[in-house]
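Notes follow once the structure below has been shown.
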Amino acid sequence: MPLHLLQHPLGAHVLTHLRDKTTKPALFRTLSYQIALLLALEATRDLATEEKKIETPLEPVTGCVLAKPLVIVPILRAGLGMLQPFHDVFPDVSVGYVGLERDHTTAVARSYYCKLPPLAGTRVIIVDPMLATGGSAAQAVTVVKAAGGTEIVFVCIVAAPEGVATMQKAHPEVPIHAGALDRELNAKKYILPGLGDFGDRLYGT
Ligand code: PRP
Ligand code: URA
């Protein structure tokens, strides 16, 4: 599946301020909301709709409504920084949680929590701001598939080429929507130029 990169001047503007090391957690959270909102709209462009007959105050008309339930799955903890805009534009979504934490020396993600709603017949959108080695994202998709998810999309703010490659190898049918594709990973598996540790910057830790 192709990698979709956000093409919106506001996305580039917001991302620049997210990358800025002087941006403090309060503004960082607002900027995360803003870029995740743009990504939410992009990642749902192809949602199926079905016809619905309603009556305006003046006459009957056939409109369209969303045809499938939507499930958002933030990868804890940084993914929580992208959840609110999805909730705001799709108030009927169900939310599942997958808790994964990278080991600081190996960069391999360890699972510590999982709670998912029924996934059959839904569109599942997994959100995590950083796609670095791709280990966390690939593991989350595996968990979602094991729980019955079939139509899965992954959304991140910054992707590294290595992470995109991992996902395309492990889950080639899963589309990736990213705010930007960065250059590479450093020796500690952080994205360059990146924005540092997203969770730490979001929560001031
Ligand atoms: C970060 C990020 C991703 C993961 C990406 O989370 O939010 O989940 O790293 O790296 P990967 O692609 O190499 O797996 P982290 O493990 O630091 O946990 P946190 O969200 O609790 O800060
Ligand atoms: N996780 C982050 O928060 N940042 C990176 O650059 C890589 C993984």
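The way I read the labels, and the way they are meant: chains A, B, ... in the order of the structure tokens, residue 1 as the first residue of every chain, and ligand 1 as the first ligand shown, with later ones counted on from there.
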Ligand 1 neighbours within 9 Å using only C-alpha atoms and all ligand atoms, as a ChimeraX atom specification: /A:75-80,99-104,107-110,128-139,159-160,162-163,166,189-191,197-203
Residues from the last selection, C-alpha atoms, saved as a compact mmCIF listing (two decimals), in the first residue's frame:
```txt
# COMPACT_ATOMS: atom_id res chain seq x y z
CA ILE A 75 -0.65 3.20 20.75
CA LEU A 76 0.10 4.24 24.34
CA ARG A 77 1.28 6.48 25.41
CA ALA A 78 2.22 9.02 22.73
CA GLY A 79 -0.70 7.98 20.50
CA LEU A 80 -3.04 9.56 23.05
CA GLY A 99 0.22 -0.21 25.18
CA LEU A 100 3.72 -0.63 23.77
CA GLU A 101 7.01 0.70 25.08
CA ARG A 102 10.37 0.61 23.35
CA ASP A 103 13.28 -0.68 25.34
CA HIS A 104 15.81 2.16 25.63
CA ALA A 107 14.50 -0.17 20.70
CA VAL A 108 12.33 -3.28 20.65
CA ALA A 109 8.75 -2.61 21.75
CA ARG A 110 7.29 -4.49 24.74
CA ASP A 128 1.00 6.73 16.86
CA PRO A 129 2.95 9.91 16.19
CA MET A 130 6.32 8.26 15.46
CA LEU A 131 7.05 5.46 12.99
CA ALA A 132 10.75 4.84 13.68
CA THR A 133 11.92 1.21 13.31
CA GLY A 134 8.28 0.29 12.71
CA GLY A 135 8.40 -2.37 15.42
CA SER A 136 5.62 -0.80 17.50
CA ALA A 137 3.33 -0.13 14.54
CA ALA A 138 3.80 -3.60 13.07
CA GLN A 139 3.15 -5.19 16.47
CA ALA A 159 7.77 8.43 9.58
CA ALA A 160 11.29 7.13 8.97
CA GLU A 162 13.06 2.18 7.97
CA GLY A 163 9.64 2.15 9.66
CA THR A 166 9.07 -2.62 8.14
CA LYS A 189 16.80 4.49 16.59
CA TYR A 190 15.51 8.04 16.89
CA ILE A 191 14.22 9.74 13.76
CA ASP A 197 10.90 11.72 22.05
CA PHE A 198 7.28 12.51 21.31
CA GLY A 199 5.87 11.06 24.54
CA ASP A 200 8.39 12.95 26.67
CA ARG A 201 7.66 16.23 24.88
CA LEU A 202 3.90 15.70 25.05
CA TYR A 203 3.84 14.90 28.74
```
Contacts of A:His171 within 9 Å, only C-alpha atoms, excl. fewer than 2 positions in-chain, as a list in words: Met1, Ala138, Val141, Thr142, Thr166, Met167, Gln168, Lys169, Glu173, Val174 and Pro175 of chain A
Would you put the residues from that selection into a file with C-alpha atoms, as a short mmCIF file (atom, residue, chain, number, x, y, z; two decimals), in the first residue's frame?
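And here is the file that came out, result_27.cif:
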```
data_model
loop_
_atom_site.label_atom_id
_atom_site.label_comp_id
_atom_site.auth_asym_id
_atom_site.auth_seq_id
_atom_site.Cartn_x
_atom_site.Cartn_y
_atom_site.Cartn_z
CA MET A 1 0.00 0.00 0.00
CA ALA A 138 3.80 -3.60 13.07
CA VAL A 141 -1.34 -4.13 13.52
CA THR A 142 -0.67 -7.78 14.35
CA THR A 166 9.07 -2.62 8.14
CA MET A 167 5.35 -1.96 7.80
CA GLN A 168 5.32 -2.61 4.08
CA LYS A 169 7.05 -5.94 4.66
CA GLU A 173 -2.00 -4.04 2.64
CA VAL A 174 -2.13 -1.43 5.42
CA PRO A 175 -2.08 2.16 4.12
#
```
8 Å contact set for A:Tyr33, only C-alpha atoms, chain neighbours under 3 positions out, as a ChimeraX atom specification: /A:29-30,36-37,81-82,84-85
Save the residues we just selected, N, CA and C atoms, as a PDB file, in the first residue's frame?
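For reference, again20.pdb as written:
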```pdb
ATOM      1  N   ARG A  29       1.163  20.005  22.769  1.00  0.00           N
ATOM      2  CA  ARG A  29      -0.120  19.274  22.758  1.00  0.00           C
ATOM      3  C   ARG A  29      -1.097  19.898  21.769  1.00  0.00           C
ATOM      4  N   THR A  30      -1.130  21.226  21.726  1.00  0.00           N
ATOM      5  CA  THR A  30      -2.036  21.918  20.788  1.00  0.00           C
ATOM      6  C   THR A  30      -1.636  21.612  19.350  1.00  0.00           C
ATOM      7  N   ALA A  36      -2.890  16.223  13.899  1.00  0.00           N
ATOM      8  CA  ALA A  36      -3.662  14.972  13.899  1.00  0.00           C
ATOM      9  C   ALA A  36      -5.048  15.195  13.293  1.00  0.00           C
ATOM     10  N   LEU A  37      -5.584  16.400  13.447  1.00  0.00           N
ATOM     11  CA  LEU A  37      -6.877  16.701  12.825  1.00  0.00           C
ATOM     12  C   LEU A  37      -6.766  16.651  11.298  1.00  0.00           C
ATOM     13  N   GLY A  81      -1.914  11.540  22.241  1.00  0.00           N
ATOM     14  CA  GLY A  81      -1.841  12.929  21.782  1.00  0.00           C
ATOM     15  C   GLY A  81      -2.522  13.151  20.453  1.00  0.00           C
ATOM     16  N   MET A  82      -2.922  12.076  19.776  1.00  0.00           N
ATOM     17  CA  MET A  82      -3.604  12.207  18.481  1.00  0.00           C
ATOM     18  C   MET A  82      -5.071  11.803  18.557  1.00  0.00           C
ATOM     19  N   GLN A  84      -7.829  12.972  20.447  1.00  0.00           N
ATOM     20  CA  GLN A  84      -8.935  13.927  20.599  1.00  0.00           C
ATOM     21  C   GLN A  84      -9.513  14.426  19.263  1.00  0.00           C
ATOM     22  N   PRO A  85      -8.671  14.798  18.280  1.00  0.00           N
ATOM     23  CA  PRO A  85      -9.255  15.282  17.027  1.00  0.00           C
ATOM     24  C   PRO A  85     -10.102  14.230  16.322  1.00  0.00           C
TER      25      PRO A  85
END
```
Test item: residues at most 7 Å from A:Lys52, only C-alpha atoms, excluding those fewer than 2 positions along its chain, as a ChimeraX atom specification: /A:50,54,62-65
Saved selection, atoms kept: N, CA and C atoms, as an mmCIF file, in the first residue's frame:
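For reference, result.cif as written:
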```
data_model
loop_
_atom_site.group_PDB
_atom_site.id
_atom_site.type_symbol
_atom_site.label_atom_id
_atom_site.label_comp_id
_atom_site.auth_asym_id
_atom_site.auth_seq_id
_atom_site.Cartn_x
_atom_site.Cartn_y
_atom_site.Cartn_z
ATOM 1 N N GLU A 50 -23.334 5.486 2.808
ATOM 2 C CA GLU A 50 -24.560 4.896 2.244
ATOM 3 C C GLU A 50 -25.635 5.971 2.212
ATOM 4 N N ILE A 54 -33.750 11.800 4.234
ATOM 5 C CA ILE A 54 -34.154 12.646 5.371
ATOM 6 C C ILE A 54 -35.073 13.748 4.840
ATOM 7 N N THR A 62 -32.254 12.893 -0.406
ATOM 8 C CA THR A 62 -31.426 11.726 -0.089
ATOM 9 C C THR A 62 -29.987 12.192 0.125
ATOM 10 N N GLY A 63 -29.494 11.975 1.317
ATOM 11 C CA GLY A 63 -28.118 12.349 1.631
ATOM 12 C C GLY A 63 -27.248 11.119 1.806
ATOM 13 N N CYS A 64 -26.103 11.285 2.411
ATOM 14 C CA CYS A 64 -25.162 10.178 2.651
ATOM 15 C C CYS A 64 -24.727 10.195 4.107
ATOM 16 N N VAL A 65 -24.572 9.034 4.664
ATOM 17 C CA VAL A 65 -24.018 8.933 6.019
ATOM 18 C C VAL A 65 -22.916 7.865 6.010
#
```
Polymer residues at most 8 Å from A:His4, only C-alpha atoms, same-chain spacing of 6 or more positions, as a compact mmCIF listing (two decimals) with all heavy atoms, in the first residue's frame:
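Okay, this is what ended up in out-v6.txt:
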```
# COMPACT_ATOMS: atom_id res chain seq x y z
N PRO A 175 -2.53 0.83 4.55
CA PRO A 175 -2.08 2.16 4.12
C PRO A 175 -1.47 2.94 5.29
O PRO A 175 -1.93 2.80 6.43
CB PRO A 175 -3.36 2.85 3.63
CG PRO A 175 -4.42 1.82 3.60
CD PRO A 175 -3.99 0.69 4.49
N ILE A 176 -0.47 3.73 4.99
CA ILE A 176 0.16 4.58 6.00
C ILE A 176 -0.08 6.04 5.62
O ILE A 176 0.20 6.44 4.49
CB ILE A 176 1.68 4.33 6.06
CG1 ILE A 176 1.97 2.86 6.39
CG2 ILE A 176 2.35 5.25 7.08
CD1 ILE A 176 3.45 2.49 6.26
N HIS A 177 -0.59 6.81 6.57
CA HIS A 177 -0.72 8.25 6.38
C HIS A 177 0.25 8.92 7.33
O HIS A 177 0.21 8.67 8.54
CB HIS A 177 -2.15 8.73 6.69
CG HIS A 177 -3.12 8.30 5.63
ND1 HIS A 177 -3.48 9.14 4.59
CD2 HIS A 177 -3.80 7.15 5.46
CE1 HIS A 177 -4.33 8.50 3.81
NE2 HIS A 177 -4.55 7.29 4.31
N ALA A 178 1.12 9.77 6.80
CA ALA A 178 2.14 10.42 7.63
C ALA A 178 2.16 11.92 7.37
O ALA A 178 1.90 12.38 6.25
CB ALA A 178 3.51 9.82 7.34
```
Shell of 7 Å around A:Val98, only C-alpha atoms, local chain residues under 4 positions omitted, as a PyMOL selection string: chain A and resi 73-76+113-115+140
All strand (DSSP E or B) residues (DSSP, backbone) inside chain A, as a ChimeraX atom specification: /A:3-5,49-55,60-66,70-76,94-95,97-102,109-115,123-127,130-131,151-159,176-181,184-185,191-192
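Minimum atom-to-atom distance to ligand 2, evaluated using only C-alpha atoms and all ligand atoms, belongs to A:Arg19 out of A:Val93, A:Arg19, A:His87, A:Ser111.
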Near-A:Ala12 list (12 Å; only C-alpha atoms; drop same-chain fewer than 2 positions) as a PyMOL selection string: chain A and resi 5-10+14-19+31+34-35+38-39+157-158+178-181
Filtered DSSP result for stretch 60-205 of chain A, state helix (DSSP H, G or I), as a ChimeraX atom specification: /A:78-89,135-146,161-170,198-203
With C-alpha atoms retained, write the just-selected residues as a PDB file, in the first residue's frame.
```
ATOM      1  CA  ALA A  78       2.216   9.022  22.725  1.00  0.00           C
ATOM      2  CA  GLY A  79      -0.700   7.984  20.504  1.00  0.00           C
ATOM      3  CA  LEU A  80      -3.038   9.556  23.052  1.00  0.00           C
ATOM      4  CA  GLY A  81      -1.841  12.929  21.782  1.00  0.00           C
ATOM      5  CA  MET A  82      -3.604  12.207  18.481  1.00  0.00           C
ATOM      6  CA  LEU A  83      -6.886  10.814  19.815  1.00  0.00           C
ATOM      7  CA  GLN A  84      -8.935  13.927  20.599  1.00  0.00           C
ATOM      8  CA  PRO A  85      -9.255  15.282  17.027  1.00  0.00           C
ATOM      9  CA  PHE A  86     -10.550  11.901  15.839  1.00  0.00           C
ATOM     10  CA  HIS A  87     -13.097  11.992  18.651  1.00  0.00           C
ATOM     11  CA  ASP A  88     -14.101  15.523  17.762  1.00  0.00           C
ATOM     12  CA  VAL A  89     -14.777  14.871  14.076  1.00  0.00           C
ATOM     13  CA  GLY A 135       8.400  -2.367  15.420  1.00  0.00           C
ATOM     14  CA  SER A 136       5.615  -0.797  17.500  1.00  0.00           C
ATOM     15  CA  ALA A 137       3.330  -0.131  14.544  1.00  0.00           C
ATOM     16  CA  ALA A 138       3.803  -3.604  13.066  1.00  0.00           C
ATOM     17  CA  GLN A 139       3.147  -5.190  16.468  1.00  0.00           C
ATOM     18  CA  ALA A 140      -0.011  -3.107  16.934  1.00  0.00           C
ATOM     19  CA  VAL A 141      -1.340  -4.126  13.519  1.00  0.00           C
ATOM     20  CA  THR A 142      -0.666  -7.782  14.352  1.00  0.00           C
ATOM     21  CA  VAL A 143      -2.626  -7.414  17.608  1.00  0.00           C
ATOM     22  CA  VAL A 144      -5.518  -5.681  15.832  1.00  0.00           C
ATOM     23  CA  LYS A 145      -5.625  -8.391  13.152  1.00  0.00           C
ATOM     24  CA  ALA A 146      -5.615 -11.114  15.813  1.00  0.00           C
ATOM     25  CA  PRO A 161      12.082   5.166   5.791  1.00  0.00           C
ATOM     26  CA  GLU A 162      13.060   2.180   7.974  1.00  0.00           C
ATOM     27  CA  GLY A 163       9.639   2.149   9.655  1.00  0.00           C
ATOM     28  CA  VAL A 164       7.793   2.416   6.379  1.00  0.00           C
ATOM     29  CA  ALA A 165       9.832  -0.523   5.039  1.00  0.00           C
ATOM     30  CA  THR A 166       9.068  -2.621   8.140  1.00  0.00           C
ATOM     31  CA  MET A 167       5.345  -1.964   7.802  1.00  0.00           C
ATOM     32  CA  GLN A 168       5.319  -2.612   4.081  1.00  0.00           C
ATOM     33  CA  LYS A 169       7.052  -5.936   4.658  1.00  0.00           C
ATOM     34  CA  ALA A 170       4.937  -7.058   7.642  1.00  0.00           C
ATOM     35  CA  PHE A 198       7.277  12.513  21.312  1.00  0.00           C
ATOM     36  CA  GLY A 199       5.874  11.057  24.539  1.00  0.00           C
ATOM     37  CA  ASP A 200       8.389  12.948  26.670  1.00  0.00           C
ATOM     38  CA  ARG A 201       7.662  16.233  24.883  1.00  0.00           C
ATOM     39  CA  LEU A 202       3.898  15.696  25.047  1.00  0.00           C
ATOM     40  CA  TYR A 203       3.842  14.898  28.741  1.00  0.00           C
TER      41      TYR A 203
END
```
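Between atom CA of A:Gly196 and atom 2 (C, counted along the ligand's line) of ligand 2 the interatomic distance comes to 5.9 Å.
Taking atom CA of A:Thr122 and atom CA of A:Ile152 as endpoints, the distance between them is 8.7 Å.
Computed from the coordinates, the atom CA of A:Pro193 to atom CA of A:Leu3 distance equals 19.0 Å.
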